[in-house]
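Student: One structure, as structure tokens, below. Some questions next.
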Amino acid sequence: MKRTMDATGDQDNLILAGGAAVLAVAGVGGVWVSVHVAAILTGRPRPTSDPLRLVVSVARGRQPWGRPEWLVAGGLTVVLLVLVVGVILLWPKRGRRMRPDLSARHMGRGRDLAHLTAAGSEKTARRLGTVGAGLPIGQSIAGRRMLHTSWEDMAILVAGPRTQKTTAYAIPALLSAPGAALATSNKRDLLDSTRCLREARGQVWVFDCQGVADTAPAWHWDPLSYIAPRDPHTGQPRRLPSGLVQASETRAERLAAQLATSARPAGARLDAYFDTEAENLIGLVLLAAACDARPITLTYSWLTEPRACEEATAILTREGFTLQAEALDALSRLPDKQRSGVYGTARSLLSWLRNRDVAQWITPTFGTGVAFDPVAFAGSTDTLYALSKEGVGSVGPLVAALTMAVLDALEERASTTHAGRLAVPFVGVLDEAANICRIRGLDAYYSHFGSRGIVLLTILQSWAQGAEAWGDKGMEKLWSSANARIYGGGVDDPAFLRRLSDLIGSAEQLHRSASVGGGRRTVTRTVQDRVILTPAELRELPQGRAVVFASGTPAVLTHPVPWWEGPHAATIRVSLESAA
């Protein structure tokens with residue numbers, strides 16, 4: 001994008017000329033008022049009403065100018081000074097000007113932002129059959145208007161540490177959710193800040209296997225219920241009219257693939273044989289356990305000894321999964337080295353099942369009897385917080401699997417409506433997505449969830465982090481599929497910053513140079529292209545500034561609005577105090 005940028009010299013001249021004109025008008029007006037008021041006070045004859053003639057008469061001494069006039073002029077000066085100071089003090093605060101702010105006038109502004117304002121977002125909401133503005137994404141520097149996504153927009157934020165990702169994006173986004181909402185995090189601040197307000201909307205579910213927020217298990221989620229839905233009264237798998245269990249081998253494969261993807265280190269190299277067969281093995285034992293209403297922890301026991309899978313094979317055969325039973329039997333009969341490699345890989349991917357603290361959250365036998373149902377959640381106004389630590393012992397695989405189950409339930413609910421989208425939009429805030437919620441196929445979700453009324457905000461610390469989690473092509477698709485792409489600063493990645501700089505574009509700048517020769521002064525004007533924000537300027541973007549790339553809109557320089565500048569500041573402070 002290219003815009004016209006005025007030369008600095010011409011701008012200064014215009015400012016000086018405007019200031020001189022204002023001073024001239026004020027001077028003439030002051031003389032006119034002083035002479036007329038003095039004439040009234042002293043009883044002198046009224047002077048001419050023509051301001052210019054009066055000023056000329058005063059200058060030539062034909063019009064008296066004495067002590068009364070000086071007193072009136074002094075009084076006017078004091079009044080004007082008081083008015084100027086008052087206006088400065090009472091004028092709405094526009095925020096502290098920062099280095100990149102001058103670039104805002106050459107970026108998106110005015111009519112460019114009409115569809116991103118609250119009014120524009122609400123207009124889109126009415127068209128979609130819902131109400132309210134979408135997720136808040138900052139205040140434009142040019143024009144100082146609050147910007148929002150719409151309820152059919154997907155968002156992604158790339159920002160380094162301590163760039164207000166939680167305070168200015170995650171918290172406001174979660175509080176803007178009109179219906180059900182989900183948030184992932186590796187810290188408790190998002191939960192503590194928003195819990196009171198979300199509890200006023202519906203029930204709050206906190207999935208905290210590792211004690212990130214010191215939450216005791218008051219409910220459980222059985223991952224196997226994703227494969228074989230359970231009867232809410234008996235807790236047993238539902239059965240078809242034929243008497244066989246209502247279980248899905250496709251969902252078993254999806255769950256296995258998600259657990260395996262999240263359990264592997266980001267960017268790990270895969271073995272074409274052992275990793276693939278280990279995923280197949282995990283999917284088969286998960287299917288068998290789901291069919292027989294066994295706890296998911298039993299699947300790890302089955303993987304410790306190939307002969308133990310004979311029980312799982314018998315369950316699959318009994319429930320009509322003949323080919324799956326044959327596949328499991330074949331894996332148990334592989335040559336010793338191959339079998340050890342496949343089973344060992346599968347055990348390493350499910351190693352978190354050995355954690356007794358985790359078992360309390362995912363098995364009915366340990367739980368309180370209160371089961372979390374993603375299908376019921378999809379039609380509620382409840383909030384789910386899924387928390388996990390990073391590194392060794394992380395339950396990121398469970399967080400990702402739970403998120404996948406919720407998203408699938410939402411998609412199924414949306415597909416049953418006439419419009420094919422949720423009547424009340426869902427908001428998902430995937431903070432630390434690459435570390436604790438590495439959802440397999442997230443880029444595919446982004447390509448169509450907007451039309452379903454399922455709005456996601458994925459938060460990453462860098463482009464490289466996303467590329468490591470989903471691959472270069474996956475990250476490209478994720479970024480391109482988002483309707484609102486936000487760069488919040490704090491990233492030192494030359495290739496990524498150069499990409500953003502190119503997207504922001506350049507502006508035509510007028511340069512003026514003057515030369516004197518032969519008794520004549522010559523002014524030369526040239527037009528040059530100047531990059532609006534260079535990679536260096538983007539790298540040094542100060543806290544309190546961000547760049548928003550919205551579909552169909554030039555890049556916009558914004559001020560991220562933290563929660564303490566928003567409408568819920570008082571309630572959030574109460575929520576934080578109650579959590580302390």
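Following the order of the structure tokens, first chain is A, next is B, and so on, with residues numbered from 1 inside each chain and ligands from 1 in the order they appear.
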Within 12 Å of A:Asp231, counting only C-alpha atoms, which residues qualify if same-chain residues fewer than 6 places away don't, as a list of chain:residue names?
Tutor: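 In the requested form, the answer reads A:Ser225, A:Pro237, A:Arg238, A:Arg239, A:Val245, A:Gln246, A:Ala293, A:Ala371, A:Asp373.
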Student: Give me, as a list in words, all polymer residues having an atom no more than 10 Å from A:Arg264, counting only C-alpha atoms and skipping those fewer than 6 positions away in the same chain.
Tutor: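 Counting only the stated atoms, we get Leu270, Ser348, Leu349 and Pro397 of chain A.
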Student: Between atom CA of A:Asn483 and atom CA of A:Met154, what distance in Å does the model show, to one decimal?
Tutor: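 Between these atoms lies a distance of 5.3 Å.
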Student: Residues near A:Ala228, anyone? I mean within 12 Å using only C-alpha atoms, not counting same-chain ones fewer than 6 positions away, as a PDB file with C-alpha atoms, in the first residue's frame.
Tutor:
ATOM      1  CA  ASP A 222     -13.423 -38.898  30.878  1.00  0.00           C
ATOM      2  CA  GLY A 235     -22.372 -43.710  33.295  1.00  0.00           C
ATOM      3  CA  GLN A 236     -22.278 -46.643  30.867  1.00  0.00           C
ATOM      4  CA  PRO A 237     -21.732 -46.302  27.113  1.00  0.00           C
ATOM      5  CA  ARG A 238     -24.906 -45.845  25.105  1.00  0.00           C
ATOM      6  CA  ARG A 239     -25.938 -48.770  22.929  1.00  0.00           C
ATOM      7  CA  LEU A 240     -27.429 -49.011  19.477  1.00  0.00           C
ATOM      8  CA  LEU A 244     -23.628 -52.962  20.256  1.00  0.00           C
ATOM      9  CA  VAL A 245     -21.910 -50.042  21.908  1.00  0.00           C
ATOM     10  CA  GLN A 246     -22.362 -46.637  20.221  1.00  0.00           C
ATOM     11  CA  ALA A 247     -18.670 -45.933  19.668  1.00  0.00           C
ATOM     12  CA  SER A 248     -16.775 -44.234  16.863  1.00  0.00           C
ATOM     13  CA  GLU A 249     -13.525 -45.653  15.557  1.00  0.00           C
ATOM     14  CA  THR A 250     -12.936 -42.345  13.761  1.00  0.00           C
ATOM     15  CA  ARG A 251     -13.100 -40.448  17.047  1.00  0.00           C
ATOM     16  CA  ALA A 252     -10.751 -42.979  18.623  1.00  0.00           C
ATOM     17  CA  LEU A 255      -8.206 -38.675  20.024  1.00  0.00           C
ATOM     18  CA  LEU A 286      -8.631 -46.321  23.534  1.00  0.00           C
ATOM     19  CA  LEU A 287     -11.499 -47.705  21.459  1.00  0.00           C
ATOM     20  CA  ALA A 288     -11.505 -50.962  23.411  1.00  0.00           C
ATOM     21  CA  ALA A 289     -11.474 -49.197  26.795  1.00  0.00           C
ATOM     22  CA  ALA A 290     -14.284 -46.866  25.698  1.00  0.00           C
ATOM     23  CA  CYS A 291     -16.462 -49.772  24.542  1.00  0.00           C
ATOM     24  CA  ASP A 292     -16.168 -51.516  27.913  1.00  0.00           C
ATOM     25  CA  ALA A 293     -16.460 -48.376  30.107  1.00  0.00           C
ATOM     26  CA  ARG A 294     -12.966 -48.961  31.475  1.00  0.00           C
ATOM     27  CA  GLU A 319     -18.569 -55.142  20.048  1.00  0.00           C
TER      28      GLU A 319
END
Student: With a distance cut-off of 8 Å and only C-alpha atoms, select the neighbouring residues of stretch 535-544 of chain A, excluding the residue or stretch itself and same-chain residues fewer than 4 positions from it, and output the selection as a list in words.
Tutor: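 The residues that qualify are Met98, Pro100, Thr163, Gln164, Gly488, Gly489, Gly490, Val491, Asp492, Pro494, Leu497, Arg498, Leu500, Ser501, His559 and Pro560 of chain A.
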Student: Please provide as a PDB file with C-alpha atoms, in the first residue's frame all residues within 8 Å of A:Leu353, with the sequence filter that same-chain residues fewer than 3 positions apart are discarded (counting only C-alpha atoms).
Tutor:
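Result file out30.pdb:
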ATOM      1  CA  THR A 297      -5.566 -45.397  32.832  1.00  0.00           C
ATOM      2  CA  TYR A 300      -1.330 -47.805  29.799  1.00  0.00           C
ATOM      3  CA  LEU A 350       0.868 -41.735  27.202  1.00  0.00           C
ATOM      4  CA  ARG A 356      -2.057 -40.237  40.104  1.00  0.00           C
ATOM      5  CA  VAL A 358      -4.046 -36.538  36.782  1.00  0.00           C
ATOM      6  CA  ALA A 359      -6.131 -39.691  37.251  1.00  0.00           C
TER       7      ALA A 359
END
Student: Return the single residue from A:Val556, A:Ala213, A:Ala495, A:Val427 that is closest to A:Asp153, with distances computed using only C-alpha atoms.
Tutor: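 Checking each of A:Val556, A:Ala213, A:Ala495, A:Val427 against A:Asp153, counting only C-alpha atoms, the winner is A:Val427.
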Student: Once DSSP has gone over the backbone, tell me which residues of stretch 303-473 of chain A are in alpha helix (DSSP H), as a ChimeraX atom specification.
Tutor: /A:303-304,309-318,322-332,336-349,356-362,374-378,396-415,433-436,442-448,463-473
Student: Kindly provide the residues of stretch 421-497 of chain A that approach stretch 135-144 of chain A to within 12 Å, each paired with its closest atom pair and their distance in Å to one decimal, based on only C-alpha atoms, listed by chain and increasing number, as a Markdown table.
Tutor:
| residue | atom | partner | partner_atom | distance |
| --- | --- | --- | --- | --- |
| A:Pro425 | CA | A:Leu135 | CA | 11.0 |
| A:Phe426 | CA | A:Leu135 | CA | 11.1 |
| A:Val427 | CA | A:Leu135 | CA | 8.7 |
| A:Gly428 | CA | A:Leu135 | CA | 10.7 |
| A:Val429 | CA | A:Leu135 | CA | 10.5 |
| A:Val455 | CA | A:Leu135 | CA | 8.9 |
| A:Leu456 | CA | A:Leu135 | CA | 9.7 |
| A:Leu457 | CA | A:Leu135 | CA | 8.9 |
| A:Asn483 | CA | A:Ile137 | CA | 11.8 |
| A:Ala484 | CA | A:Ile137 | CA | 8.5 |
| A:Arg485 | CA | A:Ile137 | CA | 9.7 |
| A:Ile486 | CA | A:Ile137 | CA | 8.1 |
| A:Tyr487 | CA | A:Ile137 | CA | 10.9 |
| A:Gly488 | CA | A:Gly138 | CA | 10.5 |
Student: Which is closest to A:Ala550 among A:Ile504, A:Ala173, A:Arg333, A:Gly420, if we use only C-alpha atoms?
Tutor: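 Under the stated criterion, the closest residue is A:Ile504.
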Student: In Å, how far is it from atom CA of A:Leu116 to atom CA of A:Gly134?
Tutor: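 Between atom CA of A:Leu116 and atom CA of A:Gly134 the gap is 9.2 Å.
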Student: Taking the DSSP secondary structure from the backbone, can you list the residues of stretch 312-465 of chain A that are strand (DSSP E), as a list in words?
Tutor: Thr383, Leu384, Tyr385, Ala386, Leu387, Phe426, Val427, Gly428, Val429, Leu430, Ile454, Val455, Leu456, Leu457, Thr458, Ile459 and Leu460 of chain A
Student: Residues of the last selection are to be written out with C-alpha atoms, as a CSV table (one decimal), in the first residue's frame.
Tutor:
chain,number,residue,atom,x,y,z
A,383,THR,CA,-16.8,-21.1,31.1
A,384,LEU,CA,-14.1,-23.7,30.9
A,385,TYR,CA,-10.6,-22.9,32.1
A,386,ALA,CA,-8.0,-25.5,31.0
A,387,LEU,CA,-4.7,-25.0,32.8
A,426,PHE,CA,-18.7,-19.0,21.3
A,427,VAL,CA,-15.3,-17.5,22.3
A,428,GLY,CA,-12.1,-19.5,22.7
A,429,VAL,CA,-9.0,-17.8,24.0
A,430,LEU,CA,-6.0,-20.2,23.4
A,454,ILE,CA,-17.0,-20.3,16.8
A,455,VAL,CA,-14.6,-17.4,17.4
A,456,LEU,CA,-11.0,-18.2,18.4
A,457,LEU,CA,-8.1,-16.0,19.5
A,458,THR,CA,-4.8,-17.8,19.4
A,459,ILE,CA,-1.9,-16.2,21.3
A,460,LEU,CA,1.7,-17.0,20.3
Student: With only C-alpha atoms as the atoms that count, which of A:Leu298, A:Ala218, A:Asp529, A:Ala346 lies nearest to A:Leu281?
Tutor: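 Of A:Leu298, A:Ala218, A:Asp529, A:Ala346, the one nearest A:Leu281, counting only C-alpha atoms, is A:Ala346.
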Student: Rounded to one decimal, what separation in Å do you get between atom CA of A:Ala327 and atom CA of A:Val395?
Tutor: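 Atom CA of A:Ala327 sits 28.8 Å away from atom CA of A:Val395.
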Student: Which residues are near A:Glu468? Cut-off 12 Å, only C-alpha atoms, ignore same chain within fewer than 5 positions. Put them as a list of chain:residue names.
Tutor: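 With the cut-off at 12 Å, the set is A:Arg264, A:Pro265, A:Ala266, A:Gly267, A:Ala268, A:Arg269, A:Ala433, A:Ala434, A:Asn435, A:Arg438, A:Leu460, A:Gln461, A:Ser462, A:Trp463, A:Lys473, A:Gly474, A:Met475, A:Glu476.
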Student: With N, CA and C atoms retained, write the just-selected residues as a PDB file, in the first residue's frame.
Tutor:
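Contents of result.pdb, as written:
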ATOM      1  N   ARG A 264       4.392 -35.186  21.896  1.00  0.00           N
ATOM      2  CA  ARG A 264       5.722 -35.093  21.293  1.00  0.00           C
ATOM      3  C   ARG A 264       6.283 -33.690  21.476  1.00  0.00           C
ATOM      4  N   PRO A 265       7.587 -33.575  21.648  1.00  0.00           N
ATOM      5  CA  PRO A 265       8.197 -32.239  21.698  1.00  0.00           C
ATOM      6  C   PRO A 265       7.948 -31.506  20.392  1.00  0.00           C
ATOM      7  N   ALA A 266       7.737 -30.205  20.473  1.00  0.00           N
ATOM      8  CA  ALA A 266       7.489 -29.415  19.265  1.00  0.00           C
ATOM      9  C   ALA A 266       8.671 -29.526  18.326  1.00  0.00           C
ATOM     10  N   GLY A 267       8.386 -29.796  17.072  1.00  0.00           N
ATOM     11  CA  GLY A 267       9.435 -29.898  16.078  1.00  0.00           C
ATOM     12  C   GLY A 267      10.166 -31.219  16.064  1.00  0.00           C
ATOM     13  N   ALA A 268       9.703 -32.203  16.841  1.00  0.00           N
ATOM     14  CA  ALA A 268      10.390 -33.500  16.897  1.00  0.00           C
ATOM     15  C   ALA A 268      10.283 -34.221  15.552  1.00  0.00           C
ATOM     16  N   ARG A 269      11.333 -34.921  15.197  1.00  0.00           N
ATOM     17  CA  ARG A 269      11.320 -35.712  13.966  1.00  0.00           C
ATOM     18  C   ARG A 269      10.568 -37.010  14.211  1.00  0.00           C
ATOM     19  N   ALA A 433      -0.896 -21.305  23.227  1.00  0.00           N
ATOM     20  CA  ALA A 433      -1.423 -22.397  22.405  1.00  0.00           C
ATOM     21  C   ALA A 433      -0.330 -23.364  21.955  1.00  0.00           C
ATOM     22  N   ALA A 434       0.831 -22.852  21.585  1.00  0.00           N
ATOM     23  CA  ALA A 434       1.888 -23.729  21.074  1.00  0.00           C
ATOM     24  C   ALA A 434       2.497 -24.595  22.158  1.00  0.00           C
ATOM     25  N   ASN A 435       2.363 -24.203  23.418  1.00  0.00           N
ATOM     26  CA  ASN A 435       2.991 -24.937  24.514  1.00  0.00           C
ATOM     27  C   ASN A 435       2.045 -25.932  25.191  1.00  0.00           C
ATOM     28  N   ARG A 438      -1.586 -27.548  21.817  1.00  0.00           N
ATOM     29  CA  ARG A 438      -1.173 -27.711  20.430  1.00  0.00           C
ATOM     30  C   ARG A 438      -2.203 -28.586  19.700  1.00  0.00           C
ATOM     31  N   LEU A 460       0.383 -16.372  20.463  1.00  0.00           N
ATOM     32  CA  LEU A 460       1.719 -16.953  20.311  1.00  0.00           C
ATOM     33  C   LEU A 460       2.769 -15.909  20.657  1.00  0.00           C
ATOM     34  N   GLN A 461       3.955 -16.379  21.041  1.00  0.00           N
ATOM     35  CA  GLN A 461       5.035 -15.460  21.391  1.00  0.00           C
ATOM     36  C   GLN A 461       5.903 -15.087  20.199  1.00  0.00           C
ATOM     37  N   SER A 462       5.827 -15.874  19.130  1.00  0.00           N
ATOM     38  CA  SER A 462       6.604 -15.551  17.939  1.00  0.00           C
ATOM     39  C   SER A 462       6.090 -16.397  16.785  1.00  0.00           C
ATOM     40  N   TRP A 463       6.466 -15.980  15.586  1.00  0.00           N
ATOM     41  CA  TRP A 463       6.118 -16.774  14.399  1.00  0.00           C
ATOM     42  C   TRP A 463       6.823 -18.128  14.464  1.00  0.00           C
ATOM     43  N   LYS A 473       4.060 -24.606   6.815  1.00  0.00           N
ATOM     44  CA  LYS A 473       2.831 -24.464   6.028  1.00  0.00           C
ATOM     45  C   LYS A 473       1.615 -24.302   6.927  1.00  0.00           C
ATOM     46  N   GLY A 474       1.609 -25.022   8.049  1.00  0.00           N
ATOM     47  CA  GLY A 474       0.497 -24.904   8.982  1.00  0.00           C
ATOM     48  C   GLY A 474       0.403 -23.510   9.575  1.00  0.00           C
ATOM     49  N   MET A 475       1.546 -22.923   9.919  1.00  0.00           N
ATOM     50  CA  MET A 475       1.555 -21.572  10.471  1.00  0.00           C
ATOM     51  C   MET A 475       1.143 -20.561   9.407  1.00  0.00           C
ATOM     52  N   GLU A 476       1.597 -20.758   8.184  1.00  0.00           N
ATOM     53  CA  GLU A 476       1.190 -19.870   7.088  1.00  0.00           C
ATOM     54  C   GLU A 476      -0.331 -19.911   6.920  1.00  0.00           C
TER      55      GLU A 476
END
Student: From the list A:Ala216, A:Ala482, A:Cys437, A:Ile227, which residue is nearest A:Gly396 when using only C-alpha atoms?
Tutor: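 Among A:Ala216, A:Ala482, A:Cys437, A:Ile227, it is A:Cys437 that comes nearest to A:Gly396.
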